[in-house]
Every structure is written in C-alpha cells, then in structure tokens.
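The file run_34.txt comes next; it holds compact mmCIF, C-alpha atoms and all ligand atoms.
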# COMPACT_ATOMS: atom_id res chain seq x y z
CA MET U 182 45.29 -3.56 4.54
CA THR U 183 43.08 -5.37 2.03
CA LEU U 184 40.64 -3.75 -0.35
CA HIS U 185 37.10 -4.49 0.66
CA THR U 186 33.68 -3.38 -0.46
CA THR U 187 31.58 -5.17 2.15
CA LYS U 188 31.12 -3.36 5.44
CA ARG U 189 33.55 -4.70 8.06
CA ILE U 190 32.05 -4.58 11.52
CA LEU U 191 33.72 -5.20 14.87
CA ILE U 192 31.56 -6.37 17.76
CA THR U 193 33.36 -6.32 21.10
CA GLY U 194 31.74 -8.69 23.59
CA GLY U 195 30.42 -10.51 20.51
CA ALA U 196 30.32 -13.92 22.20
CA GLY U 197 28.05 -12.66 24.97
CA PHE U 198 24.26 -12.69 25.17
CA LEU U 199 23.48 -9.50 23.20
CA GLY U 200 26.67 -9.60 21.15
CA SER U 201 25.97 -13.06 19.74
CA HIS U 202 22.49 -12.02 18.57
CA LEU U 203 24.01 -8.93 16.95
CA CYS U 204 26.61 -11.17 15.24
CA ASP U 205 23.75 -13.33 13.90
CA ARG U 206 21.95 -10.30 12.50
CA LEU U 207 24.99 -8.70 10.84
CA VAL U 208 26.35 -11.99 9.43
CA ALA U 209 22.88 -12.70 7.94
CA GLU U 210 22.88 -9.25 6.36
CA GLY U 211 26.16 -10.09 4.59
CA SER U 212 28.54 -7.82 6.48
CA GLU U 213 32.00 -9.04 7.43
CA VAL U 214 31.79 -9.54 11.19
CA LEU U 215 34.74 -9.56 13.56
CA CYS U 216 33.66 -10.87 16.94
CA LEU U 217 36.08 -9.92 19.72
CA ASP U 218 35.77 -11.45 23.19
CA ASN U 219 37.84 -12.59 26.16
CA PHE U 220 35.18 -15.17 27.14
CA PHE U 221 34.77 -13.83 30.66
CA THR U 222 30.98 -14.21 30.53
CA GLY U 223 30.53 -15.01 26.85
CA THR U 224 30.98 -18.49 25.41
CA ARG U 225 32.11 -20.15 22.19
CA GLU U 226 28.79 -22.01 22.11
CA ASN U 227 26.95 -18.71 21.65
CA ILE U 228 28.67 -18.17 18.30
CA SER U 229 29.79 -21.71 17.36
CA HIS U 230 27.13 -21.89 14.62
CA LEU U 231 28.81 -18.92 12.90
CA LEU U 232 32.37 -20.24 12.99
CA GLY U 233 32.26 -21.85 9.53
CA ARG U 234 30.83 -18.76 7.84
CA SER U 235 33.18 -16.96 5.46
CA ASN U 236 32.04 -13.54 6.69
CA PHE U 237 32.60 -14.30 10.39
CA GLU U 238 35.85 -14.15 12.34
CA LEU U 239 36.49 -14.71 16.04
CA ILE U 240 39.25 -12.84 17.87
CA ARG U 241 40.17 -13.78 21.43
CA HIS U 242 41.32 -10.55 23.01
CA ASP U 243 40.97 -8.63 26.25
CA LEU U 244 39.80 -5.08 25.58
CA VAL U 245 41.84 -3.75 28.47
CA GLU U 246 44.73 -4.09 25.98
CA PRO U 247 44.79 -2.06 22.75
CA ILE U 248 44.25 -3.71 19.37
CA LEU U 249 44.61 -2.45 15.81
CA LEU U 250 42.10 -3.64 13.21
CA GLU U 251 40.73 -2.30 9.92
CA VAL U 252 37.00 -1.82 10.37
CA ASP U 253 34.18 0.46 9.22
CA GLU U 254 31.95 0.15 12.28
CA ILE U 255 32.38 -0.83 15.92
CA TYR U 256 29.67 -1.98 18.33
CA ASN U 257 31.30 -1.73 21.77
CA LEU U 258 29.51 -4.28 23.96
CA ALA U 259 32.39 -5.81 25.92
CA CYS U 260 31.59 -5.60 29.64
CA PRO U 261 29.99 -8.01 32.09
CA ALA U 262 26.37 -6.93 32.51
CA SER U 263 24.92 -8.93 35.39
CA PRO U 264 25.50 -7.61 38.93
CA VAL U 265 26.99 -10.94 40.02
CA HIS U 266 29.53 -10.89 37.19
CA TYR U 267 30.45 -7.22 37.22
CA GLN U 268 30.95 -7.31 41.00
CA PHE U 269 33.17 -10.44 40.76
CA ASN U 270 36.20 -8.28 39.89
CA PRO U 271 35.04 -4.68 40.15
CA VAL U 272 38.42 -3.14 39.30
CA LYS U 273 38.48 -5.15 36.09
CA THR U 274 34.93 -4.02 35.31
CA VAL U 275 36.00 -0.36 35.50
CA LYS U 276 39.08 -1.12 33.39
CA THR U 277 36.99 -2.89 30.75
CA SER U 278 34.52 -0.01 30.51
CA VAL U 279 37.03 2.82 30.61
CA MET U 280 40.16 1.36 28.97
CA GLY U 281 37.93 -0.52 26.52
CA ALA U 282 36.20 2.72 25.51
CA ILE U 283 39.55 4.53 25.15
CA HIS U 284 40.99 1.74 23.01
CA MET U 285 37.92 1.47 20.79
CA LEU U 286 37.53 5.24 20.42
CA GLY U 287 41.23 5.51 19.56
CA LEU U 288 40.74 2.80 16.94
CA ALA U 289 37.63 4.50 15.56
CA LYS U 290 39.55 7.77 15.32
CA ARG U 291 42.49 6.14 13.58
CA VAL U 292 40.53 4.16 10.96
CA ASN U 293 37.63 6.61 10.72
CA ALA U 294 35.04 4.06 11.87
CA ARG U 295 31.60 4.80 13.26
CA ILE U 296 31.33 3.54 16.83
CA LEU U 297 28.34 2.66 19.01
CA GLN U 298 28.52 2.32 22.78
CA ALA U 299 26.31 -0.16 24.64
CA SER U 300 25.54 2.08 27.61
CA THR U 301 22.92 1.28 30.20
CA SER U 302 19.94 2.42 32.23
CA GLU U 303 22.33 2.08 35.20
CA VAL U 304 23.68 5.53 34.32
CA TYR U 305 20.43 6.75 35.95
CA GLY U 306 21.27 4.81 39.14
CA ASP U 307 18.35 4.56 41.58
CA PRO U 308 16.25 7.08 39.65
CA GLU U 309 14.26 9.86 41.28
CA ILE U 310 12.27 10.57 38.15
CA HIS U 311 9.97 8.10 36.47
CA PRO U 312 10.00 7.06 33.66
CA GLN U 313 13.63 7.85 32.91
CA LYS U 314 14.25 10.35 30.14
CA GLU U 315 17.62 10.85 28.47
CA ALA U 316 17.84 14.39 29.88
CA TYR U 317 17.90 13.01 33.45
CA TRP U 318 21.43 13.08 34.94
CA GLY U 319 20.84 10.21 37.31
CA ASN U 320 21.25 9.30 40.96
CA VAL U 321 24.31 7.10 41.28
CA ASN U 322 26.21 6.19 44.45
CA CYS U 323 29.83 6.52 43.31
CA ILE U 324 31.24 4.31 46.10
CA GLY U 325 28.68 1.52 46.21
CA LEU U 326 28.80 -2.10 45.02
CA ARG U 327 27.18 -1.23 41.69
CA SER U 328 29.38 1.79 40.99
CA CYS U 329 32.14 -0.15 39.20
CA TYR U 330 29.56 -0.78 36.50
CA ASP U 331 27.52 2.43 36.75
CA GLU U 332 30.45 4.83 36.94
CA GLY U 333 32.46 2.82 34.41
CA LYS U 334 29.60 3.16 31.94
CA ARG U 335 29.09 6.84 32.80
CA CYS U 336 32.80 7.53 32.20
CA ALA U 337 32.59 5.63 28.90
CA GLU U 338 29.75 7.94 27.81
CA THR U 339 31.90 10.93 28.78
CA LEU U 340 34.76 9.58 26.68
CA PHE U 341 32.46 9.00 23.71
CA PHE U 342 31.22 12.59 23.78
CA ASP U 343 34.72 14.02 24.34
CA TYR U 344 36.20 12.04 21.43
CA HIS U 345 33.27 13.28 19.36
CA ARG U 346 33.74 16.94 20.31
CA GLN U 347 37.53 16.90 20.38
CA ASN U 348 38.35 14.54 17.50
CA GLY U 349 35.20 14.43 15.42
CA VAL U 350 34.71 10.69 16.03
CA ASN U 351 31.37 9.51 14.61
CA ILE U 352 29.65 8.13 17.72
CA ARG U 353 26.34 6.62 18.77
CA VAL U 354 25.30 5.99 22.40
CA ALA U 355 22.46 3.62 23.33
CA ARG U 356 21.23 3.35 26.93
CA ILE U 357 20.01 -0.23 27.09
CA PHE U 358 17.36 -1.22 29.64
CA ASN U 359 16.95 -4.79 31.00
CA THR U 360 17.03 -7.11 28.00
CA TYR U 361 16.41 -10.85 28.05
CA GLY U 362 16.22 -13.84 25.74
CA PRO U 363 17.95 -17.05 24.68
CA ARG U 364 21.70 -17.29 25.41
CA MET U 365 21.53 -15.48 28.71
CA HIS U 366 24.00 -17.27 30.93
CA PRO U 367 22.10 -19.71 33.19
CA ASN U 368 24.21 -18.72 36.21
CA ASP U 369 24.61 -15.04 35.56
CA GLY U 370 22.22 -14.12 38.34
CA ARG U 371 19.96 -11.82 36.34
CA VAL U 372 16.34 -12.00 37.26
CA VAL U 373 14.82 -13.48 34.10
CA SER U 374 17.36 -16.29 33.75
CA ASN U 375 17.33 -16.98 37.51
CA PHE U 376 13.54 -17.28 37.68
CA ILE U 377 13.27 -19.47 34.59
CA VAL U 378 16.05 -21.83 35.68
CA GLN U 379 14.57 -22.05 39.20
CA ALA U 380 11.01 -22.59 37.94
CA LEU U 381 12.03 -25.27 35.44
CA ALA U 382 13.76 -27.18 38.25
CA ASN U 383 10.80 -26.57 40.64
CA ARG U 384 13.25 -24.90 43.01
CA ASP U 385 12.39 -21.86 45.14
CA ILE U 386 12.13 -18.59 43.21
CA THR U 387 14.44 -16.10 44.93
CA ILE U 388 12.94 -12.65 45.25
CA TYR U 389 15.27 -10.00 46.62
CA GLY U 390 13.47 -7.57 48.92
CA ASP U 391 9.67 -7.59 48.89
CA GLY U 392 9.45 -7.84 45.09
CA THR U 393 7.74 -4.47 44.65
CA GLN U 394 10.74 -3.03 42.81
CA THR U 395 10.05 -2.70 39.08
CA ARG U 396 11.89 -3.39 35.82
CA SER U 397 10.83 -3.15 32.17
CA PHE U 398 11.95 -6.10 30.07
CA CYS U 399 12.92 -5.89 26.40
CA TYR U 400 13.20 -8.98 24.19
CA VAL U 401 16.57 -9.35 22.50
CA SER U 402 15.37 -9.15 18.87
CA ASP U 403 13.74 -5.76 19.56
CA LEU U 404 16.97 -4.52 21.12
CA VAL U 405 19.07 -5.67 18.15
CA ASP U 406 16.65 -3.78 15.85
CA GLY U 407 17.18 -0.64 17.93
CA LEU U 408 20.97 -0.92 17.98
CA THR U 409 21.27 -1.41 14.21
CA LEU U 410 18.82 1.42 13.48
CA LEU U 411 20.85 3.74 15.68
CA MET U 412 24.15 2.73 14.06
CA ASN U 413 22.78 3.15 10.53
CA GLY U 414 20.71 6.26 11.22
CA SER U 415 21.51 9.86 10.43
CA ASP U 416 24.77 11.41 11.67
CA ASP U 417 22.57 14.16 13.15
CA PHE U 418 21.32 11.76 15.81
CA ILE U 419 24.04 10.29 18.01
CA GLY U 420 22.08 9.86 21.27
CA PRO U 421 22.24 9.09 24.05
CA VAL U 422 18.98 7.29 23.42
CA ASN U 423 17.07 4.88 25.64
CA LEU U 424 16.42 1.45 24.13
CA GLY U 425 14.08 -0.70 26.16
CA ASN U 426 10.52 -1.88 26.52
CA PRO U 427 8.33 0.59 28.45
CA ASP U 428 6.01 -2.15 29.82
CA GLU U 429 6.84 -2.09 33.52
CA PHE U 430 6.39 -5.02 35.96
CA THR U 431 7.13 -5.63 39.61
CA ILE U 432 9.55 -8.47 40.25
CA LEU U 433 6.71 -10.32 41.99
CA GLU U 434 4.61 -10.04 38.83
CA LEU U 435 7.50 -11.40 36.79
CA ALA U 436 7.84 -14.38 39.14
CA GLY U 437 4.11 -15.09 38.81
CA LYS U 438 4.27 -14.99 35.01
CA VAL U 439 7.26 -17.35 34.85
CA ILE U 440 5.63 -19.82 37.29
CA ASP U 441 2.37 -19.77 35.28
CA LEU U 442 4.01 -20.16 31.87
CA ILE U 443 6.08 -23.11 33.06
CA GLY U 444 3.35 -24.61 35.26
CA SER U 445 6.00 -24.86 37.94
CA LYS U 446 5.57 -26.04 41.54
CA SER U 447 8.16 -23.51 42.73
CA LYS U 448 7.46 -21.44 45.85
CA ILE U 449 8.58 -17.87 46.42
CA LEU U 450 11.55 -17.37 48.74
CA PHE U 451 12.22 -13.80 49.89
CA LYS U 452 15.90 -12.88 50.32
CA PRO U 453 17.60 -9.61 51.36
CA LEU U 454 17.64 -6.81 48.81
CA PRO U 455 21.18 -6.07 47.58
CA ALA U 456 22.55 -2.58 48.33
CA ASP U 457 21.61 0.24 45.92
CA ASP U 458 19.16 -1.98 44.01
CA PRO U 459 17.08 0.51 41.92
CA LYS U 460 13.46 0.67 43.16
CA GLN U 461 11.91 1.42 39.80
CA ARG U 462 12.94 1.44 36.19
CA GLN U 463 11.05 2.26 33.02
CA PRO U 464 12.46 3.80 29.86
CA ALA U 465 10.89 6.83 28.23
CA ILE U 466 11.32 5.91 24.57
CA ASP U 467 9.82 8.99 22.87
CA LEU U 468 13.23 9.89 21.46
CA ALA U 469 13.80 6.43 19.94
CA ARG U 470 10.27 6.50 18.51
CA GLU U 471 10.78 9.92 16.97
CA LYS U 472 14.36 9.67 15.73
CA LEU U 473 14.67 5.96 14.90
CA ASP U 474 11.03 5.05 14.31
CA TRP U 475 11.67 2.23 16.77
CA GLN U 476 9.60 0.63 19.47
CA PRO U 477 9.56 -2.89 20.88
CA VAL U 478 7.03 -5.31 19.38
CA VAL U 479 7.57 -8.48 21.47
CA HIS U 480 5.37 -8.67 24.57
CA LEU U 481 6.73 -10.12 27.79
CA GLY U 482 4.68 -13.34 27.63
CA GLU U 483 5.84 -14.09 24.08
CA GLY U 484 9.50 -13.34 24.82
CA LEU U 485 9.40 -15.35 28.04
CA LYS U 486 8.03 -18.39 26.15
CA LYS U 487 10.95 -18.29 23.70
CA THR U 488 13.43 -17.87 26.54
CA ILE U 489 11.85 -20.72 28.51
CA ASP U 490 12.11 -22.98 25.41
CA TYR U 491 15.81 -22.17 25.21
CA PHE U 492 16.51 -23.01 28.86
CA GLU U 493 14.30 -26.10 28.70
CA GLN U 494 16.43 -27.48 25.86
CA MET U 495 19.63 -26.52 27.62
CA MET U 496 18.58 -28.25 30.86
CA SER U 497 17.14 -31.40 29.23
P1 LIG U 501 27.26 -10.54 28.57
O1 LIG U 501 27.99 -10.66 29.85
O2 LIG U 501 26.55 -11.73 28.05
O3 LIG U 501 28.24 -10.04 27.42
C1 LIG U 501 29.40 -9.28 27.64
C2 LIG U 501 30.51 -9.84 26.77
O4 LIG U 501 31.69 -9.06 26.93
C3 LIG U 501 30.88 -11.28 27.15
O5 LIG U 501 30.96 -12.07 25.98
C4 LIG U 501 32.22 -11.13 27.84
O6 LIG U 501 33.01 -12.29 27.75
C5 LIG U 501 32.80 -9.94 27.10
N1 LIG U 501 33.84 -9.23 27.86
C6 LIG U 501 33.79 -8.84 29.16
N2 LIG U 501 34.93 -8.22 29.51
C7 LIG U 501 35.72 -8.20 28.40
C8 LIG U 501 37.03 -7.73 28.13
N3 LIG U 501 37.76 -7.12 29.08
N4 LIG U 501 37.53 -7.91 26.89
C9 LIG U 501 36.81 -8.53 25.92
N5 LIG U 501 35.56 -9.01 26.13
C10 LIG U 501 35.02 -8.85 27.35
O7 LIG U 501 26.27 -9.31 28.73
P2 LIG U 501 25.18 -8.72 27.72
O8 LIG U 501 23.88 -8.72 28.42
O9 LIG U 501 25.29 -9.35 26.40
O10 LIG U 501 25.65 -7.21 27.64
C11 LIG U 501 26.36 -6.71 26.52
C12 LIG U 501 26.56 -5.20 26.69
O11 LIG U 501 25.31 -4.55 26.77
C13 LIG U 501 27.33 -4.82 27.94
O12 LIG U 501 28.21 -3.77 27.65
C14 LIG U 501 26.26 -4.37 28.89
O13 LIG U 501 26.73 -3.41 29.81
C15 LIG U 501 25.23 -3.76 27.95
N6 LIG U 501 23.90 -3.81 28.53
C16 LIG U 501 23.19 -4.97 28.60
C17 LIG U 501 21.94 -4.97 29.21
C18 LIG U 501 21.12 -6.23 29.29
O14 LIG U 501 20.05 -6.18 29.89
N7 LIG U 501 21.50 -7.33 28.72
C19 LIG U 501 21.42 -3.79 29.75
C20 LIG U 501 22.19 -2.64 29.69
C21 LIG U 501 23.42 -2.65 29.06
N1 LIG U 502 16.28 -10.10 41.49
C1 LIG U 502 15.53 -10.96 42.28
N2 LIG U 502 15.87 -12.28 42.29
C2 LIG U 502 16.88 -12.79 41.56
C3 LIG U 502 17.64 -11.92 40.75
C4 LIG U 502 17.31 -10.58 40.75
O1 LIG U 502 14.59 -10.54 42.95
O2 LIG U 502 17.11 -14.02 41.62
C5 LIG U 502 15.91 -8.68 41.45
C6 LIG U 502 17.04 -7.71 41.69
O3 LIG U 502 17.21 -7.47 43.07
C7 LIG U 502 16.55 -6.49 40.93
C8 LIG U 502 15.78 -7.08 39.76
O4 LIG U 502 15.45 -8.41 40.13
O5 LIG U 502 15.66 -5.73 41.73
C9 LIG U 502 16.57 -7.10 38.46
O6 LIG U 502 17.80 -7.70 38.72
P1 LIG U 502 18.88 -8.00 37.58
O7 LIG U 502 20.11 -8.47 38.27
O8 LIG U 502 18.29 -8.85 36.53
O9 LIG U 502 19.13 -6.59 36.87
P2 LIG U 502 19.36 -5.09 37.39
O10 LIG U 502 19.20 -5.01 38.87
O11 LIG U 502 20.73 -4.78 36.94
O12 LIG U 502 18.31 -4.34 36.68

Let me see whether you can do it: turn the structure in this file into structure tokens.
Amino acid sequence: MTLHTTKRILITGGAGFLGSHLCDRLVAEGSEVLCLDNFFTGTRENISHLLGRSNFELIRHDLVEPILLEVDEIYNLACPASPVHYQFNPVKTVKTSVMGAIHMLGLAKRVNARILQASTSEVYGDPEIHPQKEAYWGNVNCIGLRSCYDEGKRCAETLFFDYHRQNGVNIRVARIFNTYGPRMHPNDGRVVSNFIVQALANRDITIYGDGTQTRSFCYVSDLVDGLTLLMNGSDDFIGPVNLGNPDEFTILELAGKVIDLIGSKSKILFKPLPADDPKQRQPAIDLAREKLDWQPVVHLGEGLKKTIDYFEQMMS
C-alpha cells in the first residue's frame, strides 16, 4: 500500500458510455482514477484521451472475478445496459450484476471505501404507477427476456442494502433512467443511438410497436452531475434515488425530433414490439431535488444536437 492524499476512485465499467464521462469528470477534478473494464461493450477509444494522464489508470478485468485494490470510492457501473447487449449472454449479465456487486461490496468493506451502485429504472419493470417514485416496488417479470438485467440489478440493490445493514458499508444507490449522449455505442440498439445513426444514413427509422410507449431522456452531463453529488453528499442520504430527466416523450415524438434536427429523408418503419417492453417511463425526481439539489438542465433538443454531432463525426 502506498501513502496517498488524493482521493483514489475506482470506476467499474469505466470504458463504457457513462463510465467514460465519469472518468473525464473525476480526472479533471484531480482525483486518481482507476478505470476497470472487460471491454464487452466499452472501448479503449472512449478513454484513449485519458491514457497519458498521470492520474488515470486502466485495468482490464472481468468483474465476475474478485479483485483487490486500494481505493477510497467505488462507482459500480460495470454491466451491459442496452437490451441487445444484456440479452446477448443473459447468464453472464446476471453474473456481472450479482457477482460484481458482491466483489465490489466485499472490497468496499475490506478497504472501507464508499460505494455507489448504478441501478436502473428497470427495477420498476413495466410500471403500473406513473411517474415512478422510489417507494414503488415495481412490476417485473422474473422469467422474461429482460429479467437477466432487471432482476440482476434488483438483486444488486438488495446486496447493497444488506452489506450496509449487516456490515456498515457506506453505500449509495442511484436508479438511472434512460441516458444518452456522445460515446453511446453505434450498434448497441438503444433508441437514441439507433435513430440518429439511421437518420444520418437516411435509412428507415425502426419504431418498435406503435411508438406510443414513452421514455424520458437525460443528457449524460446532467447524469454525471447527479452521480457525483450523490457520492459526495451526506452519509444520511444513501438512496435509492431516481436520476433522470422528467421530460417525457413518445418514441414517435423522439423519431420526429431526430429526423427534423438532421433534416433526414428517413421514413418510419414499424417493427414488432419486444416482449415486456415498458409502456411508459418517467422519473419522479422530487427526492433528488430535495436531497441533492439536483435536476437536469439540458433539454432534449440541445442534447440531441450534441449527440448528432458526435455520430456525424464518427460516420464521416
Ligand atoms: P455501457 O454498456 O456503455 O457500459 C457498461 C460497461 O461495463 C462497458 O464498458 C462494459 O465493457 C463494462 N462491463 C460489462 N460487463 C463487465 C464485466 N463483467 N466486467 C467488467 N466490465 C464489464 O452502458 P452504460 O450506458 O454506460 O451503463 C453504465 C451503467 O449504468 C450500467 O450498470 C447500466 O446498467 C447503468 N444504467 C445506464 C442507463 C443508461 O441509460 N445509459 C440507464 C440505467 C442504468
Ligand atoms: N425502440 C424503438 N426502436 C429502436 C430501438 C428502441 O422503437 O430502434 C424502443 C424500444 O422498444 C423501447 C424504447 O425505444 O420502447 C427505448 O428502448 P431502449 O432500448 O433505448 O431502452 P429501454 O427499453 O431499456 O428503456
């Protein structure tokens, strides 16, 4: 063990979409950042600009296996997040969520680190209450195609609260709602990246179902603000807390916005709705407002423009 005065922060899934933006933020703030990833959905390109920095270190590791590190804080983000990716190897998705949480909580317990879990609005499943409040227990099909992700994340929350109650581990739990921005994987199948890539190429925009299902989209910089506020906030507030943008849109509305912003010639192509696809989703963020003094500031149009610029450069 070396003596250190700077905060040493581990970000699992640090080479992914959200993780890489969190790495950027924490490296810029001067913390020592350890980015851990197995590169299943994350890429070296996402963090290549940080590789020469003296306060940034990259560790290739699969979180299904334990690891011992000396750290002060852990952001546990490792887990594929898009339905296409988490359904690719569902058993592995459960292992990553559950074994990953056990390994990171064990580490936090051992080195007395504070640990934040990137949970998800999927813990509410196909919600019967609207908007979703943290007190809602959810409506999840435990044997469906999405359950490897939903139940894996629900079990991870259980583990976080049990390690907290049983071992006094200093936890934080954020329930993240649909977040978008630069560095989303172009083929990850999520709706914002799909629509932008399709519209830029003037290909058909694929709408699953009739497009009346809703989502509420949060720009990545707002989400990173929320995560860091939660991690650095009072020990009296551990969550779970919803982090997301409460502006709700139908998927058809989203398609229209993307087509307009790009000036695309794309047509809409309706495809079958995947099983268990939630019909509506909107975060109630009163708790985040009250306890973290946080709310999103980037409107959908503004965030979409930045994301479109990113994909335009990538595809040119
Ligand atoms: P992402 O797929 O871009 O990032 C996940 C990262 O975890 C990738 O870099 C991947 O390679 C890594 N990873 C996966 N399995 C691993 C393993 N076994 N060991 C080590 N690394 C592994 O997805 P994202 O959107 O950046 O999501 C990050 C986290 O936030 C996830 O835990 C996700 O569940 C959660 N989340 C994201 C959203 C969103 O809208 N982006 C919403 C809710 C929750
Ligand atoms: N969706 C769609 N076309 C696509 C990709 C997704 O209509 O090309 C729909 C999907 O069925 C869902 C919504 O958009 O209703 C959000 O999907 P995403 O995979 O981004 O996230 P999640 O369903 O996990 O919220």

Query - Protein and nucleic acid residues within 8 Å of ligand LIG 501 (chain U) (all atoms listed in the file) as number ranges by chain - result: U: 193-201, 217-224, 241-245, 257-263, 266, 273-274, 276-278, 281, 298-303, 330, 334, 356-361, 364-366, 369, 399

I need the residues from that last selection saved to file as a short mmCIF file (atom, residue, chain, number, x, y, z; two decimals), in the coordinates of the input (with C-alpha atoms), if you can.
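See result14.cif below for the written result:
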data_model
loop_
_atom_site.label_atom_id
_atom_site.label_comp_id
_atom_site.auth_asym_id
_atom_site.auth_seq_id
_atom_site.Cartn_x
_atom_site.Cartn_y
_atom_site.Cartn_z
CA THR U 193 33.36 -6.32 21.10
CA GLY U 194 31.74 -8.69 23.59
CA GLY U 195 30.42 -10.51 20.51
CA ALA U 196 30.32 -13.92 22.20
CA GLY U 197 28.05 -12.66 24.97
CA PHE U 198 24.26 -12.69 25.17
CA LEU U 199 23.48 -9.50 23.20
CA GLY U 200 26.67 -9.60 21.15
CA SER U 201 25.97 -13.06 19.74
CA LEU U 217 36.08 -9.92 19.72
CA ASP U 218 35.77 -11.45 23.19
CA ASN U 219 37.84 -12.59 26.16
CA PHE U 220 35.18 -15.17 27.14
CA PHE U 221 34.77 -13.83 30.66
CA THR U 222 30.98 -14.21 30.53
CA GLY U 223 30.53 -15.01 26.85
CA THR U 224 30.98 -18.49 25.41
CA ARG U 241 40.17 -13.78 21.43
CA HIS U 242 41.32 -10.55 23.01
CA ASP U 243 40.97 -8.63 26.25
CA LEU U 244 39.80 -5.08 25.58
CA VAL U 245 41.84 -3.75 28.47
CA ASN U 257 31.30 -1.73 21.77
CA LEU U 258 29.51 -4.28 23.96
CA ALA U 259 32.39 -5.81 25.92
CA CYS U 260 31.59 -5.60 29.64
CA PRO U 261 29.99 -8.01 32.09
CA ALA U 262 26.37 -6.93 32.51
CA SER U 263 24.92 -8.93 35.39
CA HIS U 266 29.53 -10.89 37.19
CA LYS U 273 38.48 -5.15 36.09
CA THR U 274 34.93 -4.02 35.31
CA LYS U 276 39.08 -1.12 33.39
CA THR U 277 36.99 -2.89 30.75
CA SER U 278 34.52 -0.01 30.51
CA GLY U 281 37.93 -0.52 26.52
CA GLN U 298 28.52 2.32 22.78
CA ALA U 299 26.31 -0.16 24.64
CA SER U 300 25.54 2.08 27.61
CA THR U 301 22.92 1.28 30.20
CA SER U 302 19.94 2.42 32.23
CA GLU U 303 22.33 2.08 35.20
CA TYR U 330 29.56 -0.78 36.50
CA LYS U 334 29.60 3.16 31.94
CA ARG U 356 21.23 3.35 26.93
CA ILE U 357 20.01 -0.23 27.09
CA PHE U 358 17.36 -1.22 29.64
CA ASN U 359 16.95 -4.79 31.00
CA THR U 360 17.03 -7.11 28.00
CA TYR U 361 16.41 -10.85 28.05
CA ARG U 364 21.70 -17.29 25.41
CA MET U 365 21.53 -15.48 28.71
CA HIS U 366 24.00 -17.27 30.93
CA ASP U 369 24.61 -15.04 35.56
CA CYS U 399 12.92 -5.89 26.40
#

**Report entry** Neighbourhood of ligand LIG 502 (chain U) at 9 Å, counting only C-alpha atoms and all ligand atoms, reported as a count of residues only
**Finding:** 47

Requested in this report: Could you please determine the separation between atom CA of U:Val321 and atom CA of U:Val272 in Å, to one decimal place?
Outcome: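 Result for atom CA of U:Val321 versus atom CA of U:Val272: 17.5 Å, one decimal.
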
Query raised in the report: Could you work out how far atom CA of U:Glu251 lies from atom CA of U:Gly349, giving the answer in Å with one decimal?
Result: 18.5 Å

Requested in this report: Could you jot down the atom CA of U:Thr339 to atom CA of U:Cys216 separation for me, Å, one decimal place?
Outcome: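 According to the coordinates, atom CA of U:Thr339 and atom CA of U:Cys216 are separated by 24.9 Å.
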
Query raised in the report: Looking at all atoms listed in the file, which of U:Phe269, U:Pro308, U:Ile440, U:Val275 is the one that sits closest to U:Asp385?
Result: U:Ile440

Quick one: residues within 6 Å of U:Pro312, all atoms listed in the file counted, chain neighbours fewer than 4 positions away excluded, as a short mmCIF file (atom, residue, chain, number, x, y, z; two decimals) with C-alpha atoms, in the coordinates of the input?
data_model
loop_
_atom_site.label_atom_id
_atom_site.label_comp_id
_atom_site.auth_asym_id
_atom_site.auth_seq_id
_atom_site.Cartn_x
_atom_site.Cartn_y
_atom_site.Cartn_z
CA GLN U 463 11.05 2.26 33.02
CA PRO U 464 12.46 3.80 29.86
CA ALA U 465 10.89 6.83 28.23
#

**Report entry** Near-U:Ile296 list (7 Å; only C-alpha atoms; drop same-chain fewer than 2 positions) as number ranges by chain
**Finding:** U: 254-256, 289, 294, 298, 351-353

To test the calculation: enclose all listed atoms of stretch 416-425 of chain U in a box whose edges run along x, y and z, add 8 Å on each side, then state centre and edge lengths in Å to one decimal, as AutoDock Vina command-line options.
--center_x 19.4 --center_y 6.7 --center_z 18.9 --size_x 26.7 --size_y 30.9 --size_z 30.5

Missing atoms in stretch 420-431 of chain U should be modelled up to N, CA, C and O atoms and reported as a short mmCIF file (atom, residue, chain, number, x, y, z; two decimals), in the coordinates of the input.
data_model
loop_
_atom_site.label_atom_id
_atom_site.label_comp_id
_atom_site.auth_asym_id
_atom_site.auth_seq_id
_atom_site.Cartn_x
_atom_site.Cartn_y
_atom_site.Cartn_z
N GLY U 420 22.51 10.23 19.92
CA GLY U 420 22.08 9.86 21.27
C GLY U 420 22.66 10.81 22.29
O GLY U 420 23.09 11.90 21.92
N PRO U 421 22.67 10.40 23.57
CA PRO U 421 22.24 9.09 24.05
C PRO U 421 20.73 8.87 23.89
O PRO U 421 19.96 9.81 24.04
N VAL U 422 20.40 7.62 23.59
CA VAL U 422 18.98 7.29 23.42
C VAL U 422 18.66 6.02 24.20
O VAL U 422 19.42 5.05 24.18
N ASN U 423 17.53 6.06 24.91
CA ASN U 423 17.07 4.88 25.64
C ASN U 423 16.56 3.82 24.67
O ASN U 423 15.78 4.13 23.76
N LEU U 424 16.99 2.57 24.87
CA LEU U 424 16.42 1.45 24.13
C LEU U 424 15.93 0.44 25.16
O LEU U 424 16.73 -0.12 25.92
N GLY U 425 14.64 0.24 25.20
CA GLY U 425 14.08 -0.70 26.16
C GLY U 425 12.59 -0.77 25.95
O GLY U 425 12.02 0.00 25.17
N ASN U 426 11.96 -1.71 26.63
CA ASN U 426 10.52 -1.88 26.52
C ASN U 426 9.84 -1.14 27.66
O ASN U 426 10.15 -1.39 28.83
N PRO U 427 8.93 -0.21 27.38
CA PRO U 427 8.33 0.59 28.45
C PRO U 427 7.30 -0.16 29.31
O PRO U 427 6.82 0.41 30.30
N ASP U 428 6.97 -1.42 28.98
CA ASP U 428 6.01 -2.15 29.82
C ASP U 428 6.70 -2.52 31.14
O ASP U 428 7.66 -3.29 31.15
N GLU U 429 6.17 -1.97 32.23
CA GLU U 429 6.84 -2.09 33.52
C GLU U 429 6.15 -3.15 34.40
O GLU U 429 4.92 -3.21 34.44
N PHE U 430 6.93 -3.96 35.08
CA PHE U 430 6.39 -5.02 35.96
C PHE U 430 7.12 -5.02 37.29
O PHE U 430 8.32 -4.72 37.33
N THR U 431 6.40 -5.39 38.37
CA THR U 431 7.13 -5.63 39.61
C THR U 431 7.82 -7.00 39.47
O THR U 431 7.42 -7.83 38.64
#
